[in-house]
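Visitor: What follows is coords.txt, compact mmCIF, C-alpha atoms.
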```
# COMPACT_ATOMS: atom_id res chain seq x y z
CA MET A 1 10.67 20.62 -8.79
CA PRO A 2 11.54 21.97 -5.31
CA GLU A 3 15.16 22.20 -4.15
CA PHE A 4 16.49 21.90 -0.59
CA ASP A 5 19.79 22.72 1.14
CA GLY A 6 21.52 21.27 4.18
CA LYS A 7 24.95 21.10 5.77
CA ASP A 8 24.97 17.43 4.70
CA LEU A 9 22.76 15.02 2.74
CA GLU A 10 20.89 13.93 5.87
CA GLU A 11 19.88 17.50 6.72
CA ALA A 12 18.80 18.25 3.14
CA LEU A 13 16.68 15.08 2.99
CA THR A 14 15.11 15.88 6.36
CA ALA A 15 14.14 19.35 5.12
CA ALA A 16 12.69 17.90 1.92
CA ALA A 17 10.75 15.21 3.79
CA SER A 18 9.26 17.80 6.12
CA ALA A 19 8.25 20.06 3.22
CA VAL A 20 6.53 17.41 1.09
CA GLY A 21 5.12 15.40 4.00
CA LEU A 22 6.79 12.08 3.19
CA PRO A 23 9.46 9.97 4.90
CA ALA A 24 12.94 10.76 3.59
CA GLY A 25 13.36 7.16 2.48
CA GLU A 26 10.42 7.51 0.08
CA LEU A 27 11.74 10.56 -1.78
CA ASP A 28 13.26 10.36 -5.24
CA TYR A 29 15.84 13.11 -5.51
CA GLU A 30 18.69 14.44 -7.62
CA LEU A 31 21.89 15.55 -5.94
CA LEU A 32 22.69 18.99 -7.39
CA GLU A 33 25.60 20.00 -5.16
CA GLY A 34 27.71 17.59 -3.12
CA GLY A 35 28.66 20.27 -0.59
CA ARG A 36 32.04 21.31 0.72
CA LYS A 37 33.19 21.80 4.31
CA GLY A 38 35.71 24.56 3.60
CA VAL A 39 38.45 25.65 5.99
CA PHE A 40 37.37 27.17 9.31
CA GLY A 41 33.98 27.69 7.74
CA LEU A 42 35.37 29.67 4.79
CA GLY A 43 34.49 28.49 1.29
CA SER A 44 31.96 25.99 2.57
CA ARG A 45 28.99 25.03 0.42
CA PRO A 46 25.76 23.30 1.41
CA VAL A 47 24.48 20.06 -0.02
CA ARG A 48 21.65 20.84 -2.45
CA ILE A 49 19.08 18.33 -3.73
CA ARG A 50 16.09 18.52 -6.04
CA VAL A 51 13.07 16.36 -5.26
CA THR A 52 12.17 14.63 -8.52
CA THR A 53 9.19 12.64 -7.24
CA ALA A 54 7.12 14.18 -4.47
CA ALA A 55 4.53 11.43 -4.31
CA ALA A 56 5.54 7.96 -3.22
CA THR A 57 3.68 4.77 -3.97
CA PRO A 58 0.80 4.65 -1.45
CA ALA A 59 1.36 2.22 1.40
CA MET A 60 -1.38 -0.34 1.87
CA PRO A 61 -3.31 -0.39 5.18
CA ALA A 62 -1.54 -2.48 7.79
CA THR A 63 -4.80 -4.26 8.58
CA ALA A 64 -5.22 -5.56 5.03
CA ALA A 65 -3.02 -8.64 5.45
CA THR A 66 -3.30 -9.77 1.83
CA GLU A 67 -2.22 -6.34 0.51
CA VAL A 68 0.98 -5.94 2.56
CA SER A 69 4.29 -7.60 1.75
CA ALA A 70 5.59 -10.44 3.91
CA PRO A 71 8.78 -8.53 4.85
CA ARG A 72 6.72 -5.59 6.07
CA HIS A 73 4.51 -7.89 8.14
CA MET A 74 7.62 -9.35 9.76
CA LEU A 75 9.06 -5.88 10.41
CA ASP A 76 5.80 -4.84 12.07
CA ASP A 77 5.91 -7.92 14.30
CA VAL A 78 9.51 -7.27 15.33
CA VAL A 79 8.80 -3.61 16.10
CA ARG A 80 5.76 -4.58 18.16
CA LEU A 81 7.73 -7.15 20.16
CA MET A 82 10.37 -4.51 20.85
CA GLY A 83 7.66 -2.28 22.29
CA PHE A 84 8.35 0.64 19.92
CA SER A 85 5.71 3.12 18.82
CA LEU A 86 6.36 3.07 15.08
CA ALA A 87 4.27 2.68 11.93
CA SER A 88 5.53 1.19 8.69
CA ALA A 89 5.09 1.99 5.02
CA GLU A 90 6.45 0.33 1.91
CA VAL A 91 7.38 1.34 -1.62
CA ARG A 92 8.97 -0.62 -4.47
CA ARG A 93 11.44 1.09 -6.78
CA ASP A 94 14.74 0.38 -8.51
CA GLY A 95 14.38 -3.33 -7.83
CA VAL A 96 14.28 -2.80 -4.05
CA LEU A 97 11.52 -3.07 -1.45
CA GLU A 98 11.93 -0.04 0.84
CA LEU A 99 10.32 -0.32 4.27
CA SER A 100 10.06 2.99 6.11
CA LEU A 101 9.40 3.41 9.83
CA ASP A 102 8.18 6.57 11.53
CA GLY A 103 6.53 7.51 14.79
CA ALA A 104 7.12 8.60 18.38
CA ASP A 105 10.16 6.32 18.83
CA ARG A 106 11.90 7.27 15.57
CA GLY A 107 14.78 8.80 17.56
CA LEU A 108 15.70 5.36 18.89
CA LEU A 109 16.29 4.16 15.33
CA LEU A 110 18.75 6.99 14.67
CA GLU A 111 20.93 6.37 17.73
CA ARG A 112 24.51 5.17 17.12
CA GLU A 113 24.35 6.16 13.44
CA GLY A 114 21.28 4.03 12.77
CA GLU A 115 22.71 0.83 14.21
CA LEU A 116 19.22 -0.56 14.91
CA ILE A 117 18.06 0.08 11.34
CA THR A 118 21.07 -1.83 10.05
CA ALA A 119 20.26 -4.72 12.39
CA LEU A 120 16.62 -4.84 11.24
CA GLU A 121 17.65 -4.77 7.59
CA THR A 122 20.17 -7.57 8.15
CA LEU A 123 17.57 -9.67 9.98
CA LEU A 124 15.01 -9.29 7.19
CA GLY A 125 17.63 -10.02 4.56
CA ARG A 126 18.66 -13.29 6.17
CA MET A 127 15.08 -14.38 6.73
CA GLY A 128 14.12 -13.49 3.19
CA ARG A 129 16.44 -16.01 1.58
CA ARG A 130 14.11 -18.77 2.77
CA ALA A 131 10.88 -17.14 3.90
CA TRP A 132 10.14 -14.96 0.83
CA PRO A 133 12.62 -15.82 -1.95
CA ASP A 134 10.48 -14.10 -4.60
CA GLU A 135 10.73 -10.70 -2.93
CA PRO A 136 13.47 -8.22 -3.96
CA ALA A 137 16.20 -6.96 -1.66
CA VAL A 138 14.81 -5.17 1.42
CA ARG A 139 15.96 -1.76 2.66
CA VAL A 140 14.85 -0.38 6.01
CA THR A 141 14.85 3.37 6.55
CA CYS A 142 13.26 6.23 8.49
CA PRO A 143 13.17 10.04 8.18
CA GLY A 144 16.60 11.48 8.91
CA TYR A 145 18.48 8.24 8.26
CA VAL A 146 21.24 8.07 5.65
CA ASN A 147 22.41 4.61 4.64
CA HIS A 148 26.18 4.53 5.24
CA GLU A 149 26.70 1.96 2.49
CA ASP A 150 25.09 4.41 0.06
CA ALA A 151 27.30 7.22 1.37
CA GLY A 152 30.35 4.99 0.89
CA LEU A 153 29.35 4.25 -2.69
CA VAL A 154 28.88 7.96 -3.39
CA GLU A 155 32.35 8.68 -2.02
CA ARG A 156 33.94 5.96 -4.18
CA VAL A 157 32.20 7.25 -7.30
CA ARG A 158 33.32 10.82 -6.58
CA LYS A 159 36.94 9.70 -6.29
CA LEU A 160 36.68 7.74 -9.53
CA ALA A 161 35.07 10.75 -11.24
CA GLU A 162 37.87 13.05 -10.12
CA ASP A 163 40.40 10.54 -11.49
CA VAL A 164 38.62 10.48 -14.86
CA LEU A 165 38.57 14.29 -14.97
CA ARG A 166 42.27 14.40 -14.21
CA ALA A 167 43.57 11.54 -16.35
CA GLY A 168 40.83 11.11 -18.94
CA GLY A 169 39.86 7.77 -20.38
CA ARG A 170 37.04 5.53 -19.29
CA ARG A 171 36.48 3.70 -16.03
CA THR A 172 34.17 0.73 -15.55
CA LEU A 173 32.52 -0.13 -12.25
CA PRO A 174 31.57 -3.68 -11.21
CA ALA A 175 28.10 -4.98 -12.04
CA MET A 176 25.45 -3.39 -9.81
CA ASN A 177 21.75 -3.71 -9.12
CA PRO A 178 19.25 -0.97 -10.21
CA TYR A 179 19.30 0.72 -6.80
CA GLU A 180 23.10 1.04 -6.80
CA ARG A 181 23.19 2.13 -10.44
CA ARG A 182 20.78 4.96 -9.69
CA ILE A 183 23.13 6.23 -6.96
CA VAL A 184 26.10 6.09 -9.34
CA HIS A 185 24.34 7.91 -12.18
CA MET A 186 23.09 10.64 -9.82
CA THR A 187 26.57 11.10 -8.36
CA VAL A 188 28.19 11.38 -11.78
CA ARG A 189 25.70 14.15 -12.61
CA GLU A 190 27.51 16.31 -10.05
CA PHE A 191 30.37 16.54 -12.56
CA ARG A 192 29.36 18.62 -15.57
CA ASP A 193 32.11 17.24 -17.84
CA LEU A 194 31.38 13.57 -17.17
CA ARG A 195 28.75 11.09 -18.26
CA SER A 196 27.80 7.58 -17.20
CA SER A 197 26.20 4.69 -19.04
CA SER A 198 25.15 1.13 -18.26
CA ASP A 199 25.54 -2.07 -20.23
CA GLY A 200 24.78 -5.72 -19.75
CA GLU A 201 21.64 -7.81 -19.56
CA GLY A 202 19.52 -8.84 -16.63
CA PHE A 203 19.35 -7.48 -13.11
CA LEU A 204 23.03 -6.64 -12.72
CA LYS A 205 24.72 -4.23 -15.13
CA ARG A 206 28.12 -2.53 -15.35
CA ILE A 207 28.49 1.24 -15.36
CA HIS A 208 31.00 3.20 -17.42
CA VAL A 209 32.15 6.70 -16.49
CA GLU A 210 33.91 8.83 -19.08
CA LYS A 211 34.77 12.41 -19.89
CA ILE A 212 32.60 14.34 -22.35
CA GLU A 213 34.90 15.39 -25.15
CA GLY A 214 34.43 18.60 -27.07
```
Could I get this structure in the form of structure tokens?

Guide:
Amino acid sequence: MPEFDGKDLEEALTAAASAVGLPAGELDYELLEGGRKGVFGLGSRPVRIRVTTAAATPAMPATAATEVSAPRHMLDDVVRLMGFSLASAEVRRDGVLELSLDGADRGLLLEREGELITALETLLGRMGRRAWPDEPAVRVTCPGYVNHEDAGLVERVRKLAEDVLRAGGRRTLPAMNPYERRIVHMTVREFRDLRSSSDGEGFLKRIHVEKIEG
């Protein structure tokens, strides 16, 4: 599978998306190197990812009303009312409905650290509780966008992993959904001497992180 570098995760994902011809939000990837800033540029390392799935679930034509999810229809309506030139796509994975936007006005979505994307995702989430209760959680993304909640989770897992490496033992994270668990497992893979496992039944499961002995 192809590998891509960048000064940060956003840059690496952008390079990968450009190479495989898919929005960054539709890529399945493995984080190989978390990167390091270094001091005055010395000792720095790039973020390296490996694309594990280069073909996303095909998005249904926007004109086929019965073949497109209700959240995506609503997102299209909101984008149209805002006067933006953007097209949507959707893919379901890890128990999440990911709605990706791309087009001439993509830059507007990335302003202020993706503030508009966060607002759209919040709007759809609140509407979904009543309008489409059978749909999974909705994530809104676009090429070049990195979800800051995901980045925060990665940072927390890295700190926990370093603590396990230093002190040993086993740490247990709170119950998480499939999307969050995937992020945790991929982050733990950065640490060669650690392993992660899940337990529990149903949608939410706990994750354990422990040192590989021997």

Visitor: Enumerate, as a PDB file with C-alpha atoms, in the frame of the given file, the protein, DNA and RNA residues whose atoms approach (15.6, 1.4, 18.1) to within 12 Å, taking into account all atoms listed in the file and the coordinate frame of the file.

Guide:
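Resulting contents of selection02.pdb:
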```
ATOM      1  CA  VAL A  78       9.510  -7.270  15.330  1.00  0.00           C
ATOM      2  CA  VAL A  79       8.800  -3.610  16.100  1.00  0.00           C
ATOM      3  CA  ARG A  80       5.760  -4.580  18.160  1.00  0.00           C
ATOM      4  CA  LEU A  81       7.730  -7.150  20.160  1.00  0.00           C
ATOM      5  CA  MET A  82      10.370  -4.510  20.850  1.00  0.00           C
ATOM      6  CA  GLY A  83       7.660  -2.280  22.290  1.00  0.00           C
ATOM      7  CA  PHE A  84       8.350   0.640  19.920  1.00  0.00           C
ATOM      8  CA  SER A  85       5.710   3.120  18.820  1.00  0.00           C
ATOM      9  CA  LEU A  86       6.360   3.070  15.080  1.00  0.00           C
ATOM     10  CA  LEU A 101       9.400   3.410   9.830  1.00  0.00           C
ATOM     11  CA  ASP A 102       8.180   6.570  11.530  1.00  0.00           C
ATOM     12  CA  GLY A 103       6.530   7.510  14.790  1.00  0.00           C
ATOM     13  CA  ALA A 104       7.120   8.600  18.380  1.00  0.00           C
ATOM     14  CA  ASP A 105      10.160   6.320  18.830  1.00  0.00           C
ATOM     15  CA  ARG A 106      11.900   7.270  15.570  1.00  0.00           C
ATOM     16  CA  GLY A 107      14.780   8.800  17.560  1.00  0.00           C
ATOM     17  CA  LEU A 108      15.700   5.360  18.890  1.00  0.00           C
ATOM     18  CA  LEU A 109      16.290   4.160  15.330  1.00  0.00           C
ATOM     19  CA  LEU A 110      18.750   6.990  14.670  1.00  0.00           C
ATOM     20  CA  GLU A 111      20.930   6.370  17.730  1.00  0.00           C
ATOM     21  CA  ARG A 112      24.510   5.170  17.120  1.00  0.00           C
ATOM     22  CA  GLU A 113      24.350   6.160  13.440  1.00  0.00           C
ATOM     23  CA  GLY A 114      21.280   4.030  12.770  1.00  0.00           C
ATOM     24  CA  GLU A 115      22.710   0.830  14.210  1.00  0.00           C
ATOM     25  CA  LEU A 116      19.220  -0.560  14.910  1.00  0.00           C
ATOM     26  CA  ILE A 117      18.060   0.080  11.340  1.00  0.00           C
ATOM     27  CA  THR A 118      21.070  -1.830  10.050  1.00  0.00           C
ATOM     28  CA  ALA A 119      20.260  -4.720  12.390  1.00  0.00           C
ATOM     29  CA  LEU A 120      16.620  -4.840  11.240  1.00  0.00           C
ATOM     30  CA  THR A 141      14.850   3.370   6.550  1.00  0.00           C
ATOM     31  CA  CYS A 142      13.260   6.230   8.490  1.00  0.00           C
TER      32      CYS A 142
END
```

Visitor: Using only C-alpha atoms, can you tell me which of A:His208, A:Gly144, A:Gly125, A:Leu22 comes closest to Gly6 in chain A?

Guide: A:Gly144

Visitor: I'd like to know which of A:Ala70, A:Pro174, A:Tyr145, A:Ser88 is closest to Leu124 in chain A, using all atoms listed in the file.

Guide: A:Ala70

Visitor: Could you check how far CA of Arg206 in chain A sits from CA of Arg181 in chain A, in Å to one decimal?

Guide: 8.4 Å

Visitor: Using the file's own x, y and z axes, so that the box edges lie along x, y and z, what centre and edge lengths in Å (one decimal) does a box around every listed atom of range 80-93 of chain A get when 8 Å is added on each side? Give it as AutoDock Vina command-line options.

Guide:
```
--center_x 7.9 --center_y -2.0 --center_z 7.8 --size_x 23.2 --size_y 26.3 --size_z 45.1
```

Visitor: Rank nothing, just name the residue among A:Ala175, A:Ile207, A:Glu213, A:Pro136 nearest to Asp193 in chain A, using only C-alpha atoms.

Guide: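 Among the listed residues, the smallest separation from Asp193 in chain A belongs to A:Glu213.
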
Visitor: Please determine, counting all atoms listed in the file, which residue among A:Arg48, A:Leu32, A:Ala131, A:Ser198 has the shortest atom-to-atom distance to Phe4 in chain A.

Guide: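 Ranking A:Arg48, A:Leu32, A:Ala131, A:Ser198 by distance to Phe4 in chain A, first place goes to A:Arg48.
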
Visitor: Quote the spacing between CA of Glu98 in chain A and CA of Arg130 in chain A in Å to one decimal place.

Guide: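 Between CA of Glu98 in chain A and CA of Arg130 in chain A the gap works out to 19.0 Å.
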